[in-house]
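Right, one structure below, let's go through it.
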Amino acid sequence: SPYGFVPNQLVLVVEGKDNKAARRSISEDYKANRGDRLQEEMEILRTSTAQVIEQFVSVGATTVTQDKVESDDVIAYLAETLEGSKMVFTTDNDLLQLSGINNTMVNIKGVIDTNPYGDFPTCFIQTYKALCGDSSDGYKGVLGFGPKAFQDTYDALGFEGMKALDKMIETNRVFGMPEEWLNLCPKLEKVKQAGEAAQRCWKLAELKVQLINLPSSKLIWRAGHTLEATRDTHQAL
């Protein structure tokens with residue numbers, strides 16, 4: 001590997017069954033825009049996935065899965081709980097919010113820890129998705145509040161102000177937004193009026209580590225054949 005990983009340091013996170021369940025309980029429209037795959041397509045996908053898993057296991061890599069959550073949630077849990085330096089290989093920009101958490105780097109098609117959404121810290125990507133929406137996942141965010149409004153808001157409020165705004169969205173307390181913020185960023189009035197809708201989008205964008213590896217729903221690990229998988233230093237997810 002050009003990044004210095006060997007097979008027994010690799011963890012392949014596999015989508016489990018009913019993986020949209022947690023977010024569909026928040027919004028029935030979550031990813032509804034993607035439609036349903038044809039039976040033939042599903043068979044091809046299952047066969048291809050099984051082949052990839054066997055290839056990984058045969059060289060000593062580890063696989064892990066959990067039902068009723070998405071692979072992003074599992075990856076976030078591993079990033080937060082595994083010791084040592086880690087690199088996440090993905091095409092999903094949502095996972096960039098893991099950059100810097102517990103010695104984690106995120107590699108998107110060879111580009112590492114770079115925010116494609118604007119000039120703000122990657123830890124606010126969830127906040128960004130809550131307000132600006134995510135068309136690929138089928139939720140719209142706050143009507144009339146787009147990427148420019150978000151960047152202007154971050155520039156005006158700064159890191160600590162954005163943290164406070166994020167907490168207000170999470171707890172549905174945007175009605176208590178300071179007048180000073182509204183004067184600095186008039187578009188925040190739309191967020192204030194959105195209230196619960198903004199909170200719902202925040203929950204859809206959240207990486208749900210709190211649902212991973214519970215007594216009632218455990219991670220299912222499968223170690224590689226050639227070497228026992230290590231889980232302590234310098235790992236790739």
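We label chains A, B, ... in the order they appear in the structure tokens, count residues from 1 in each chain, and number ligands from 1 in the order shown.
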
Closest-contact table, stretch 111-164 of chain A side, partner stretch 172-185 of chain A, 10 Å, counting only C-alpha atoms, as a Markdown table:
| residue | atom | partner | partner_atom | distance |
| --- | --- | --- | --- | --- |
| A:Ala149 | CA | A:Cys185 | CA | 7.9 |
| A:Phe150 | CA | A:Cys185 | CA | 9.4 |
| A:Asp152 | CA | A:Cys185 | CA | 7.2 |
| A:Thr153 | CA | A:Cys185 | CA | 6.0 |
| A:Tyr154 | CA | A:Cys185 | CA | 9.6 |
| A:Asp155 | CA | A:Cys185 | CA | 9.8 |
| A:Ala156 | CA | A:Leu184 | CA | 6.6 |
| A:Leu157 | CA | A:Trp181 | CA | 7.4 |
| A:Gly161 | CA | A:Trp181 | CA | 9.0 |
| A:Ala164 | CA | A:Met177 | CA | 9.5 |

So that each row is one residue of stretch 152-212 of chain A with an atom at most 9 Å from stretch 26-50 of chain A, can you give its shortest atom pair and the distance in Å to one decimal, using only C-alpha atoms, rows by chain and rising number, as a tab-separated table?
residue	atom	partner	partner_atom	distance
A:Arg200	CA	A:Ile26	CA	6.9
A:Cys201	CA	A:Ser27	CA	8.8
A:Lys203	CA	A:Ile26	CA	7.5
A:Leu204	CA	A:Ile26	CA	7.1

Write the residues you've just listed into a file as a PDB file, in the first residue's frame, and include C-alpha atoms for each of them.
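Saved result, result32.pdb, follows:
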ATOM      1  CA  ARG A 200     -34.802  16.613  11.781  1.00  0.00           C
ATOM      2  CA  CYS A 201     -32.215  17.211   9.039  1.00  0.00           C
ATOM      3  CA  LYS A 203     -30.519  13.978  12.966  1.00  0.00           C
ATOM      4  CA  LEU A 204     -30.449  12.585   9.422  1.00  0.00           C
TER       5      LEU A 204
END

- prompt: atom CA of A:Val11 and atom CA of A:Phe56, how far apart in Å?
  reply: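 About the pair atom CA of A:Phe56 and atom CA of A:Val11: they are 8.7 Å apart.
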
query: Out of A:Val88, A:Ile75, A:Leu214, A:Leu131, which residue has the shortest atom-to-atom distance to A:Val111 when counting only C-alpha atoms?
result: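 When distances to A:Val111 are compared using only C-alpha atoms, the smallest one comes from A:Val88.
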
- request: Just list the residues in stretch 1-137 of chain A DSSP gives alpha helix (DSSP H) on the backbone, as JSON, numbers by chain.
  value: {"A": [21, 22, 23, 24, 39, 40, 41, 42, 43, 44, 45, 46, 47, 48, 49, 50, 51, 52, 53, 54, 55, 56, 57, 58, 71, 72, 73, 74, 75, 76, 77, 78, 79, 80, 81, 125, 126, 127, 128, 129, 130, 131, 132]}

Shell of 8 Å around A:Ala76, only C-alpha atoms, local chain residues under 3 positions omitted, as a list in words: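 Final neighbour list, sorted by chain and number: Asp72, Asp73, Ala79, Glu80, Leu95, Leu98, Leu207, Lys208 and Val209 of chain A.
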
- prompt: How would you write, as a ChimeraX atom specification, the set of residues in stretch 6-226 of chain A that DSSP gives as strand (DSSP E or B)?
  reply: /A:10-15,62-66,86-90,104-108,111-112,134,139,214,217,220-222

message: Quick one: residues within 12 Å of A:Thr114, only C-alpha atoms, excluding same-chain residues fewer than 6 positions away - as a ChimeraX atom specification?
response: /A:93-100,105-108,120-123,125

Limited to N, CA and C atoms, could you put the picked residues into a file as a short mmCIF file (atom, residue, chain, number, x, y, z; two decimals), in the first residue's frame?
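File out.cif, as written:
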data_model
loop_
_atom_site.label_atom_id
_atom_site.label_comp_id
_atom_site.auth_asym_id
_atom_site.auth_seq_id
_atom_site.Cartn_x
_atom_site.Cartn_y
_atom_site.Cartn_z
N ASN A 93 -18.34 12.13 1.06
CA ASN A 93 -17.85 13.35 1.70
C ASN A 93 -18.37 13.55 3.12
N ASP A 94 -19.49 12.92 3.45
CA ASP A 94 -20.04 13.04 4.80
C ASP A 94 -19.03 12.60 5.86
N LEU A 95 -18.20 11.62 5.51
CA LEU A 95 -17.26 11.07 6.48
C LEU A 95 -16.09 11.99 6.77
N LEU A 96 -15.97 13.07 6.03
CA LEU A 96 -14.90 14.04 6.30
C LEU A 96 -15.05 14.68 7.68
N GLN A 97 -16.25 14.60 8.26
CA GLN A 97 -16.41 15.16 9.61
C GLN A 97 -15.64 14.36 10.65
N LEU A 98 -15.08 13.20 10.25
CA LEU A 98 -14.25 12.41 11.15
C LEU A 98 -12.79 12.86 11.14
N SER A 99 -12.44 13.74 10.22
CA SER A 99 -11.04 14.19 10.10
C SER A 99 -10.54 14.76 11.42
N GLY A 100 -9.44 14.22 11.90
CA GLY A 100 -8.83 14.73 13.11
C GLY A 100 -9.37 14.13 14.39
N MET A 105 -7.61 10.19 9.69
CA MET A 105 -7.57 10.93 8.44
C MET A 105 -8.62 10.34 7.49
N VAL A 106 -9.16 11.17 6.61
CA VAL A 106 -10.17 10.70 5.66
C VAL A 106 -9.67 10.95 4.24
N ASN A 107 -9.63 9.88 3.47
CA ASN A 107 -9.09 9.90 2.10
C ASN A 107 -10.24 9.74 1.12
N ILE A 108 -10.52 10.83 0.38
CA ILE A 108 -11.56 10.81 -0.65
C ILE A 108 -10.89 10.79 -2.02
N PHE A 120 -14.47 26.06 5.95
CA PHE A 120 -14.83 25.93 7.36
C PHE A 120 -14.38 24.55 7.84
N PRO A 121 -14.20 24.36 9.15
CA PRO A 121 -13.71 23.07 9.66
C PRO A 121 -14.65 21.92 9.32
N THR A 122 -14.07 20.77 9.05
CA THR A 122 -14.87 19.61 8.65
C THR A 122 -15.81 19.13 9.76
N CYS A 123 -15.54 19.50 11.00
CA CYS A 123 -16.43 19.09 12.09
C CYS A 123 -17.82 19.70 11.95
N ILE A 125 -19.52 19.76 9.04
CA ILE A 125 -20.20 19.22 7.86
C ILE A 125 -21.61 18.75 8.21
#

message: When you count only C-alpha atoms, which of these residues is closest to A:Met162: A:Leu188, A:Leu82, A:Leu10, A:Leu211?
response: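 Checking each candidate against A:Met162, we get A:Leu188 as the closest.
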
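The interatomic distance for the pair atom CA of A:Thr63 and atom CA of A:His225 works out to 11.4 Å.
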
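The nearest approach to A:Ile212 among the residues A:Val13, A:Gln66, A:Ala21, A:Pro2, with only C-alpha atoms taken into account, belongs to A:Gln66.
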
field: Given only C-alpha atoms as the counted atoms, nearest of A:Val64, A:Val69, A:Glu196, A:Gly118 to A:Trp221
entry: A:Val64

- request: Tell me which of A:Trp202, A:Tyr77, A:Phe89, A:Tyr117 sits closest to A:Ala130, counting only C-alpha atoms.
  value: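 Nearest to A:Ala130: A:Trp202.
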